[in-house]
file structure30.txt (compact mmCIF, C-alpha atoms and all ligand atoms)
# COMPACT_ATOMS: atom_id res chain seq x y z
CA MET A 1 64.12 -91.70 -184.98
CA ASP A 2 64.29 -88.89 -182.46
CA GLN A 3 68.07 -88.37 -182.71
CA ILE A 4 67.89 -87.18 -186.31
CA ALA A 5 65.80 -84.18 -185.20
CA LYS A 6 68.58 -83.20 -182.80
CA ILE A 7 71.31 -83.27 -185.45
CA ASP A 8 72.61 -79.83 -186.38
CA LYS A 9 72.54 -79.65 -190.18
CA ASN A 10 75.27 -77.00 -190.11
CA LYS A 11 77.77 -79.20 -188.28
CA ILE A 12 77.77 -82.38 -190.29
CA PRO A 13 81.12 -84.21 -190.47
CA GLU A 14 82.24 -84.31 -194.07
CA HIS A 15 84.19 -87.53 -193.72
CA VAL A 16 83.46 -90.31 -191.21
CA ALA A 17 85.81 -93.28 -190.85
CA ILE A 18 84.78 -96.46 -189.04
CA ILE A 19 86.82 -99.30 -187.55
CA MET A 20 84.20 -102.04 -187.83
CA ASP A 21 85.17 -104.28 -184.92
CA GLY A 22 83.57 -107.04 -182.85
CA ASN A 23 82.24 -109.52 -185.43
CA GLY A 24 84.04 -112.44 -183.80
CA ARG A 25 82.80 -111.66 -180.29
CA TRP A 26 79.26 -111.12 -181.58
CA ALA A 27 79.28 -114.57 -183.18
CA LYS A 28 80.72 -116.16 -180.06
CA GLN A 29 77.88 -114.66 -178.01
CA GLN A 30 75.46 -116.53 -180.27
CA GLY A 31 77.45 -119.74 -179.98
CA MET A 32 78.47 -119.49 -183.61
CA ASN A 33 81.81 -119.40 -185.43
CA ARG A 34 83.59 -116.13 -186.30
CA VAL A 35 82.58 -116.22 -189.96
CA PHE A 36 78.93 -116.03 -188.90
CA GLY A 37 79.79 -112.67 -187.37
CA HIS A 38 81.40 -111.41 -190.56
CA ARG A 39 78.35 -112.52 -192.53
CA ASN A 40 76.16 -110.43 -190.27
CA ALA A 41 78.24 -107.31 -190.77
CA LEU A 42 76.68 -106.32 -194.08
CA THR A 43 73.45 -104.90 -192.62
CA SER A 44 75.53 -102.60 -190.43
CA VAL A 45 77.47 -101.38 -193.45
CA ARG A 46 74.23 -100.68 -195.30
CA GLU A 47 72.69 -98.83 -192.35
CA SER A 48 75.80 -96.70 -191.79
CA VAL A 49 76.01 -95.66 -195.41
CA GLU A 50 72.30 -94.86 -195.51
CA ALA A 51 72.57 -92.82 -192.32
CA ALA A 52 75.58 -90.92 -193.68
CA SER A 53 73.70 -90.22 -196.89
CA GLU A 54 70.60 -89.00 -195.04
CA ILE A 55 72.45 -86.40 -193.01
CA GLY A 56 74.70 -85.25 -195.86
CA THR A 57 78.06 -86.76 -194.91
CA LYS A 58 80.04 -86.78 -198.15
CA ALA A 59 82.56 -89.52 -197.46
CA ILE A 60 82.57 -92.66 -195.38
CA THR A 61 85.62 -94.90 -195.09
CA LEU A 62 85.29 -98.38 -193.65
CA TYR A 63 88.15 -100.46 -192.28
CA ALA A 64 87.23 -103.87 -193.63
CA PHE A 65 90.56 -105.76 -193.63
CA SER A 66 93.89 -104.65 -192.23
CA SER A 67 97.38 -105.50 -193.44
CA GLU A 68 97.70 -107.41 -190.16
CA ASN A 69 94.50 -109.38 -190.71
CA TRP A 70 96.39 -111.54 -193.25
CA ASN A 71 97.84 -113.25 -190.17
CA ARG A 72 94.47 -114.72 -189.17
CA PRO A 73 93.71 -118.41 -189.77
CA LYS A 74 93.55 -119.16 -193.50
CA LEU A 75 89.97 -120.38 -193.24
CA GLU A 76 88.83 -117.04 -191.83
CA VAL A 77 90.84 -115.02 -194.37
CA ASP A 78 89.39 -117.07 -197.23
CA ALA A 79 85.88 -116.64 -195.87
CA LEU A 80 86.39 -112.87 -195.58
CA MET A 81 87.65 -112.64 -199.16
CA ASN A 82 84.69 -114.66 -200.44
CA LEU A 83 82.32 -112.47 -198.47
CA LEU A 84 83.93 -109.38 -199.97
CA ILE A 85 83.36 -110.73 -203.48
CA SER A 86 79.75 -111.80 -202.90
CA SER A 87 78.83 -108.63 -201.00
CA LEU A 88 80.22 -106.28 -203.64
CA LYS A 89 78.24 -108.12 -206.31
CA LYS A 90 75.10 -108.16 -204.22
CA GLU A 91 75.29 -104.48 -203.25
CA LEU A 92 76.08 -103.02 -206.68
CA PRO A 93 72.43 -102.35 -207.64
CA GLY A 94 71.92 -100.61 -204.28
CA PHE A 95 75.03 -98.47 -204.81
CA GLN A 96 73.66 -97.39 -208.18
CA LYS A 97 70.17 -96.71 -206.89
CA ASN A 98 71.49 -94.65 -203.97
CA ASN A 99 74.12 -92.79 -206.02
CA ILE A 100 77.06 -94.19 -204.04
CA GLN A 101 80.57 -94.08 -205.43
CA ILE A 102 82.82 -96.96 -204.38
CA ARG A 103 86.57 -96.71 -203.87
CA GLY A 104 89.21 -98.98 -202.43
CA ILE A 105 92.35 -98.09 -200.48
CA GLY A 106 95.15 -100.33 -199.28
CA ASN A 107 97.57 -102.77 -200.78
CA LEU A 108 94.87 -104.01 -203.13
CA LYS A 109 97.30 -106.10 -205.19
CA LYS A 110 97.51 -108.52 -202.26
CA LEU A 111 93.81 -109.36 -202.59
CA PRO A 112 92.87 -112.54 -204.50
CA LYS A 113 92.60 -111.88 -208.24
CA LYS A 114 88.86 -112.49 -208.20
CA ALA A 115 88.34 -109.91 -205.44
CA GLN A 116 90.50 -107.37 -207.28
CA LYS A 117 88.45 -107.91 -210.43
CA VAL A 118 85.04 -107.52 -208.76
CA LEU A 119 86.22 -104.51 -206.77
CA GLN A 120 87.51 -102.83 -209.93
CA GLU A 121 84.22 -103.53 -211.71
CA VAL A 122 82.23 -101.95 -208.88
CA ILE A 123 84.60 -98.96 -208.76
CA ASP A 124 84.28 -98.44 -212.52
CA ALA A 125 80.50 -98.89 -212.52
CA THR A 126 79.96 -96.34 -209.74
CA LYS A 127 82.61 -93.77 -210.63
CA ASN A 128 80.10 -91.12 -211.69
CA ASN A 129 77.92 -91.49 -208.59
CA SER A 130 78.13 -88.51 -206.31
CA LYS A 131 75.91 -88.63 -203.22
CA VAL A 132 78.39 -90.42 -200.96
CA ILE A 133 81.93 -91.68 -201.53
CA LEU A 134 82.16 -95.06 -199.82
CA THR A 135 85.78 -96.19 -199.48
CA PHE A 136 86.70 -99.69 -198.36
CA ALA A 137 90.06 -100.04 -196.66
CA LEU A 138 91.23 -103.49 -197.71
CA SER A 139 94.60 -104.99 -196.95
CA TYR A 140 95.13 -101.53 -195.53
CA GLY A 141 97.88 -100.47 -193.15
CA ALA A 142 98.60 -96.83 -192.40
CA ARG A 143 102.33 -97.39 -191.89
CA GLU A 144 102.53 -99.19 -195.21
CA GLU A 145 100.63 -96.30 -196.80
CA ILE A 146 103.15 -93.83 -195.40
CA VAL A 147 106.13 -95.94 -196.55
CA ASN A 148 104.55 -96.03 -199.98
CA ALA A 149 104.13 -92.25 -199.99
CA VAL A 150 107.75 -91.70 -198.91
CA LYS A 151 108.97 -93.95 -201.72
CA ASN A 152 106.88 -92.18 -204.35
CA ILE A 153 107.95 -88.74 -203.16
CA SER A 154 111.61 -89.82 -203.06
CA LYS A 155 111.35 -91.13 -206.60
CA LYS A 156 110.17 -87.69 -207.74
CA VAL A 157 113.03 -85.99 -205.89
CA VAL A 158 115.57 -88.36 -207.46
CA ASN A 159 114.05 -87.71 -210.89
CA LYS A 160 114.13 -83.99 -210.17
CA GLU A 161 110.34 -83.68 -210.62
CA LEU A 162 110.21 -82.31 -207.08
CA SER A 163 112.73 -80.43 -204.93
CA LEU A 164 113.33 -81.14 -201.23
CA GLU A 165 112.09 -77.65 -200.36
CA GLU A 166 108.76 -78.33 -202.01
CA ILE A 167 107.94 -81.23 -199.66
CA ASP A 168 105.26 -80.07 -197.24
CA GLU A 169 102.13 -81.48 -195.60
CA ASN A 170 100.18 -80.97 -198.79
CA ILE A 171 102.63 -83.00 -200.85
CA ILE A 172 102.49 -85.83 -198.32
CA ASN A 173 98.69 -85.70 -198.28
CA ASN A 174 98.63 -85.95 -202.05
CA HIS A 175 100.72 -89.13 -202.00
CA LEU A 176 98.48 -91.02 -199.57
CA TYR A 177 95.79 -93.41 -200.80
CA THR A 178 93.23 -90.92 -199.51
CA PHE A 179 94.58 -87.97 -201.53
CA SER A 180 91.24 -86.99 -203.04
CA LEU A 181 89.10 -87.40 -199.91
CA PRO A 182 88.16 -84.63 -197.47
CA GLU A 183 89.76 -84.49 -193.98
CA VAL A 184 88.51 -87.16 -191.58
CA ASP A 185 86.31 -85.32 -189.07
CA LEU A 186 85.08 -88.27 -187.06
CA LEU A 187 86.50 -91.73 -186.38
CA ILE A 188 84.20 -94.34 -184.87
CA ARG A 189 85.34 -97.68 -183.42
CA THR A 190 82.87 -100.31 -182.28
CA SER A 191 83.24 -103.19 -179.81
CA GLY A 192 84.74 -101.26 -176.90
CA GLU A 193 88.35 -101.42 -178.09
CA GLU A 194 90.02 -98.04 -177.84
CA ARG A 195 92.90 -98.23 -180.27
CA ILE A 196 93.66 -97.26 -183.83
CA SER A 197 95.07 -100.58 -185.12
CA ASN A 198 97.11 -98.97 -187.91
CA PHE A 199 94.18 -97.11 -189.52
CA LEU A 200 94.58 -93.68 -191.17
CA LEU A 201 97.39 -92.52 -188.86
CA TRP A 202 98.17 -89.34 -190.75
CA GLN A 203 94.58 -88.53 -191.65
CA ILE A 204 93.13 -88.60 -188.12
CA ALA A 205 95.54 -86.01 -186.70
CA TYR A 206 92.61 -83.78 -185.74
CA ALA A 207 89.65 -86.14 -186.05
CA GLU A 208 87.24 -86.52 -183.15
CA LEU A 209 87.24 -90.08 -181.80
CA HIS A 210 84.09 -91.94 -180.81
CA PHE A 211 84.27 -95.35 -179.12
CA THR A 212 81.17 -97.43 -178.54
CA ASN A 213 80.68 -100.84 -176.90
CA VAL A 214 78.20 -101.87 -179.60
CA LEU A 215 79.57 -104.82 -181.58
CA TRP A 216 79.71 -104.16 -185.30
CA PRO A 217 76.92 -106.61 -186.36
CA ASP A 218 74.58 -104.78 -183.94
CA PHE A 219 75.50 -101.30 -185.22
CA ARG A 220 72.46 -99.52 -186.66
CA LYS A 221 71.49 -96.05 -187.90
CA LYS A 222 70.69 -94.94 -184.36
CA ASP A 223 74.26 -95.79 -183.31
CA PHE A 224 75.61 -93.76 -186.21
CA TYR A 225 73.43 -90.81 -185.19
CA ASP A 226 74.64 -91.18 -181.58
CA ALA A 227 78.20 -90.80 -182.84
CA ILE A 228 77.20 -87.71 -184.85
CA LEU A 229 75.50 -86.14 -181.82
CA SER A 230 78.55 -86.82 -179.67
CA TYR A 231 80.72 -85.23 -182.38
CA GLN A 232 78.48 -82.17 -182.53
CA ASN A 233 78.72 -81.66 -178.77
CA ARG A 234 82.46 -81.21 -178.89
CA GLU A 235 84.44 -78.07 -179.40
CA ARG A 236 87.11 -78.58 -182.06
CA ARG A 237 89.73 -76.07 -181.07
CA PHE A 238 92.63 -76.96 -183.40
CA GLY A 239 95.11 -75.64 -180.86
CA LYS A 240 93.25 -72.42 -180.11
CA THR A 241 91.52 -71.46 -176.87
CA SER A 242 87.83 -71.86 -176.24
CA GLU A 243 87.46 -68.07 -176.11
CA GLN A 244 89.05 -67.71 -179.54
CA MET A 245 86.66 -70.28 -180.97
CA LYS A 246 83.64 -68.35 -179.69
CA ASN A 247 84.69 -65.10 -181.35
C1 LIG A 301 86.15 -107.01 -187.25
O1 LIG A 301 85.73 -107.97 -186.34
C2 LIG A 301 86.27 -107.56 -188.64
C3 LIG A 301 87.65 -107.70 -189.13
C4 LIG A 301 88.72 -107.36 -188.49
C5 LIG A 301 87.82 -108.28 -190.44
P1 LIG A 301 86.74 -108.99 -185.66
O2 LIG A 301 86.83 -110.18 -186.54
O3 LIG A 301 88.02 -108.32 -185.35
O4 LIG A 301 85.96 -109.35 -184.32
P2 LIG A 301 86.57 -109.54 -182.87
O5 LIG A 301 87.39 -108.33 -182.57
O6 LIG A 301 87.38 -110.79 -182.90
O7 LIG A 301 85.37 -109.65 -181.99
C1 LIG A 302 91.04 -103.72 -186.98
O1 LIG A 302 90.40 -104.68 -186.21
C2 LIG A 302 90.88 -104.04 -188.43
C3 LIG A 302 89.52 -103.98 -188.94
C4 LIG A 302 88.46 -103.59 -188.30
C5 LIG A 302 89.38 -104.37 -190.31
P1 LIG A 302 91.21 -105.87 -185.52
O2 LIG A 302 90.23 -106.63 -184.72
O3 LIG A 302 91.99 -106.62 -186.52
O4 LIG A 302 92.22 -105.06 -184.58
P2 LIG A 302 93.11 -105.52 -183.36
O5 LIG A 302 94.02 -106.57 -183.88
O6 LIG A 302 92.20 -106.05 -182.31
O7 LIG A 302 93.83 -104.31 -182.91
MG MG A 303 88.68 -107.29 -183.73

call {"tool": "encode", "arguments": {"input": "structure30.txt", "output": "structure tokens", "more": "lines below"}}
Ligand code: IPE
Ligand code: IPE
Ligand code: MG
result
Amino acid sequence: MDQIAKIDKNKIPEHVAIIMDGNGRWAKQQGMNRVFGHRNALTSVRESVEAASEIGTKAITLYAFSSENWNRPKLEVDALMNLLISSLKKELPGFQKNNIQIRGIGNLKKLPKKAQKVLQEVIDATKNNSKVILTFALSYGAREEIVNAVKNISKKVVNKELSLEEIDENIINNHLYTFSLPEVDLLIRTSGEERISNFLLWQIAYAELHFTNVLWPDFRKKDFYDAILSYQNRERRFGKTSEQMKN
């Protein structure tokens, strides 16, 4: 793979988030039903995590099911939940072998009991792994996450565990589902859609965005490296001028 030679080892994004989109359209292109697309998404997950691990990205967060996705036809939702259960079980040995720690963010209590149980088992089994933190966003909505944070912070203010003056960006960060993860440096979305769809609204304030037309089931290591190379070609100024960044 020639791209990997071009990757600057000193400019690796610490945390990459991916909106895995386009499974339905991919399936339709093959004349198959949407669930066929979801079933073919697992290889892309594996390749992305492997690619992240190879270049030294510490955290990868995958948008697997949004709070809005509950509104899809019941048959599709059920199929996605069953796929989640079977995939977690199937991938556990690989997570262990590759030293991958699994986490889950979102309104996980809304997931079917069986899915919650398997997810918790995989989280517990991998909690001491340290090469890559792989977080699945499941029943995840960024607005819901923020509402949740506001409620928890308010509770502490009411109980006098926290004063109003103490509330700052750090406090808010620490009450989000992602509190222990590094800043998101790069957000990738596949399938040509250029929107955020209620993903990590707070966390991507200064992330670089990479949109690709590749449909998620076709996404491979080379596509991940393309995103990294695009990221490395940008100047992250954080409000400063280009001249300031060069000094
Ligand atoms: C992404 O693919 C997977 C989920 C949202 C669960 P889609 O299912 O959204 O595929 P398209 O966008 O319809 O092609
Ligand atoms: C976003 O994709 C959610 C996931 C990838 C899990 P959608 O396909 O649901 O997003 P919209 O509805 O097209 O914005
Ligand atoms: Mg979609």

call {"tool": "closest_residue", "arguments": {"input": "structure30.txt", "among": "A:Pro217, A:Trp26, A:Ala205, A:Lys222", "to": "Phe238 (chain A)", "atoms": "only C-alpha atoms"}}
result
A:Ala205

call {"tool": "closest_residue", "arguments": {"input": "structure30.txt", "among": "A:Asn213, A:Asn71, A:Gln101, A:Asn82", "to": "Val122 (chain A)", "atoms": "all atoms listed in the file"}}
result
A:Gln101

call {"tool": "closest_residue", "arguments": {"input": "structure30.txt", "among": "A:Asn152, A:Ser53, A:Asn198, A:Ser139", "to": "Asn69 (chain A)", "atoms": "all atoms listed in the file"}}
result
A:Ser139

call {"tool": "residues_near_ligand", "arguments": {"input": "structure30.txt", "ligand": "ligand MG 303 (chain A)", "cutoff": "7 Å", "atoms": "only C-alpha atoms and all ligand atoms", "output": "PyMOL selection string"}}
result
chain A and resi 21-22+24

call {"tool": "residues_around", "arguments": {"input": "structure30.txt", "residues": "Ile4 (chain A)", "least_positions_apart": "3", "cutoff": "10 Å", "atoms": "all atoms listed in the file", "output": "list in words"}}
result
Met1, Ile7, Asp8, Lys9, Ala51, Glu54, Ile55, Lys221, Lys222, Tyr225, Asp226, Ile228 and Leu229 of chain A

call {"tool": "axis_aligned_box", "arguments": {"input": "structure30.txt", "around": "region 8-14 of chain A", "padding_each_side": "5 Å", "output": "lines of an AutoDock Vina configuration file"}}
result
center_x = 77.4
center_y = -80.7
center_z = -190.2
size_x = 19.7
size_y = 17.3
size_z = 17.7

call {"tool": "residues_around", "arguments": {"input": "structure30.txt", "residues": "Leu62 (chain A)", "least_positions_apart": "2", "cutoff": "10 Å", "atoms": "all atoms listed in the file", "output": "list in words"}}
result
Val16, Ala17, Ile18, Ile19, Met20, Val45, Ser48, Val49, Ile60, Ala64, Phe65, Gly104, Ile105, Leu134, Thr135, Phe136, Ala137, Leu138, Leu187, Ile188 and Phe199 of chain A

call {"tool": "atom_distance", "arguments": {"input": "structure30.txt", "atom1": "CA of Leu119 (chain A)", "atom2": "CA of Gln96 (chain A)"}}
result
14.5 Å

call {"tool": "build_atoms", "arguments": {"input": "structure30.txt", "residues": "region 73-84 of chain A", "atoms": "all heavy atoms", "output": "JSON list (two decimals), in the frame of the given file"}}
result
[["chain", "number", "residue", "atom", "x", "y", "z"],
["A", 73, "PRO", "N", 93.76, -117.06, -189.18],
["A", 73, "PRO", "CA", 93.71, -118.41, -189.77],
["A", 73, "PRO", "C", 93.23, -118.35, -191.23],
["A", 73, "PRO", "O", 92.34, -117.54, -191.56],
["A", 73, "PRO", "CB", 92.68, -119.13, -188.90],
["A", 73, "PRO", "CG", 92.67, -118.40, -187.61],
["A", 73, "PRO", "CD", 92.98, -116.97, -187.93],
["A", 74, "LYS", "N", 93.83, -119.21, -192.07],
["A", 74, "LYS", "CA", 93.55, -119.16, -193.50],
["A", 74, "LYS", "C", 92.05, -119.31, -193.79],
["A", 74, "LYS", "O", 91.52, -118.64, -194.68],
["A", 74, "LYS", "CB", 94.35, -120.26, -194.21],
["A", 74, "LYS", "CG", 94.22, -120.19, -195.72],
["A", 74, "LYS", "CD", 95.04, -121.25, -196.42],
["A", 74, "LYS", "CE", 94.97, -121.18, -197.95],
["A", 74, "LYS", "NZ", 93.65, -121.04, -198.53],
["A", 75, "LEU", "N", 91.40, -120.16, -193.01],
["A", 75, "LEU", "CA", 89.97, -120.38, -193.24],
["A", 75, "LEU", "C", 89.17, -119.09, -193.08],
["A", 75, "LEU", "O", 88.25, -118.80, -193.85],
["A", 75, "LEU", "CB", 89.45, -121.42, -192.24],
["A", 75, "LEU", "CG", 89.23, -122.80, -192.84],
["A", 75, "LEU", "CD1", 89.40, -123.88, -191.80],
["A", 75, "LEU", "CD2", 87.85, -122.85, -193.49],
["A", 76, "GLU", "N", 89.54, -118.31, -192.06],
["A", 76, "GLU", "CA", 88.83, -117.04, -191.83],
["A", 76, "GLU", "C", 89.16, -116.03, -192.93],
["A", 76, "GLU", "O", 88.26, -115.33, -193.43],
["A", 76, "GLU", "CB", 89.18, -116.46, -190.44],
["A", 76, "GLU", "CG", 88.40, -115.18, -190.16],
["A", 76, "GLU", "CD", 88.57, -114.64, -188.74],
["A", 76, "GLU", "OE1", 89.07, -115.38, -187.86],
["A", 76, "GLU", "OE2", 88.20, -113.48, -188.52],
["A", 77, "VAL", "N", 90.44, -115.96, -193.31],
["A", 77, "VAL", "CA", 90.84, -115.02, -194.37],
["A", 77, "VAL", "C", 90.11, -115.36, -195.66],
["A", 77, "VAL", "O", 89.53, -114.48, -196.32],
["A", 77, "VAL", "CB", 92.38, -115.05, -194.59],
["A", 77, "VAL", "CG1", 92.78, -114.25, -195.82],
["A", 77, "VAL", "CG2", 93.10, -114.50, -193.34],
["A", 78, "ASP", "N", 90.09, -116.65, -196.00],
["A", 78, "ASP", "CA", 89.39, -117.07, -197.23],
["A", 78, "ASP", "C", 87.91, -116.71, -197.18],
["A", 78, "ASP", "O", 87.34, -116.22, -198.15],
["A", 78, "ASP", "CB", 89.54, -118.59, -197.44],
["A", 78, "ASP", "CG", 90.97, -118.98, -197.83],
["A", 78, "ASP", "OD1", 91.75, -118.06, -198.13],
["A", 78, "ASP", "OD2", 91.28, -120.18, -197.81],
["A", 79, "ALA", "N", 87.31, -116.94, -196.02],
["A", 79, "ALA", "CA", 85.88, -116.64, -195.87],
["A", 79, "ALA", "C", 85.64, -115.13, -196.03],
["A", 79, "ALA", "O", 84.68, -114.71, -196.68],
["A", 79, "ALA", "CB", 85.38, -117.11, -194.52],
["A", 80, "LEU", "N", 86.54, -114.32, -195.46],
["A", 80, "LEU", "CA", 86.39, -112.87, -195.58],
["A", 80, "LEU", "C", 86.51, -112.42, -197.04],
["A", 80, "LEU", "O", 85.76, -111.56, -197.50],
["A", 80, "LEU", "CB", 87.43, -112.15, -194.71],
["A", 80, "LEU", "CG", 87.09, -112.07, -193.22],
["A", 80, "LEU", "CD1", 88.30, -111.69, -192.40],
["A", 80, "LEU", "CD2", 85.96, -111.04, -193.00],
["A", 81, "MET", "N", 87.45, -113.02, -197.76],
["A", 81, "MET", "CA", 87.65, -112.64, -199.16],
["A", 81, "MET", "C", 86.43, -113.04, -200.01],
["A", 81, "MET", "O", 85.97, -112.30, -200.86],
["A", 81, "MET", "CB", 88.93, -113.28, -199.73],
["A", 81, "MET", "CG", 90.20, -112.71, -199.12],
["A", 81, "MET", "SD", 90.30, -110.92, -199.34],
["A", 81, "MET", "CE", 90.96, -110.39, -197.77],
["A", 82, "ASN", "N", 85.89, -114.23, -199.71],
["A", 82, "ASN", "CA", 84.69, -114.66, -200.44],
["A", 82, "ASN", "C", 83.49, -113.78, -200.12],
["A", 82, "ASN", "O", 82.70, -113.46, -201.00],
["A", 82, "ASN", "CB", 84.38, -116.13, -200.14],
["A", 82, "ASN", "CG", 85.37, -117.06, -200.81],
["A", 82, "ASN", "OD1", 85.91, -116.73, -201.87],
["A", 82, "ASN", "ND2", 85.64, -118.19, -200.19],
["A", 83, "LEU", "N", 83.40, -113.36, -198.87],
["A", 83, "LEU", "CA", 82.32, -112.47, -198.47],
["A", 83, "LEU", "C", 82.44, -111.12, -199.16],
["A", 83, "LEU", "O", 81.45, -110.51, -199.57],
["A", 83, "LEU", "CB", 82.38, -112.22, -196.96],
["A", 83, "LEU", "CG", 81.41, -113.02, -196.12],
["A", 83, "LEU", "CD1", 81.72, -112.81, -194.65],
["A", 83, "LEU", "CD2", 79.98, -112.58, -196.42],
["A", 84, "LEU", "N", 83.68, -110.66, -199.29],
["A", 84, "LEU", "CA", 83.93, -109.38, -199.97],
["A", 84, "LEU", "C", 83.41, -109.46, -201.41],
["A", 84, "LEU", "O", 82.67, -108.58, -201.87],
["A", 84, "LEU", "CB", 85.45, -109.08, -199.95],
["A", 84, "LEU", "CG", 85.92, -107.91, -200.80],
["A", 84, "LEU", "CD1", 85.40, -106.59, -200.24],
["A", 84, "LEU", "CD2", 87.45, -107.87, -200.87]]
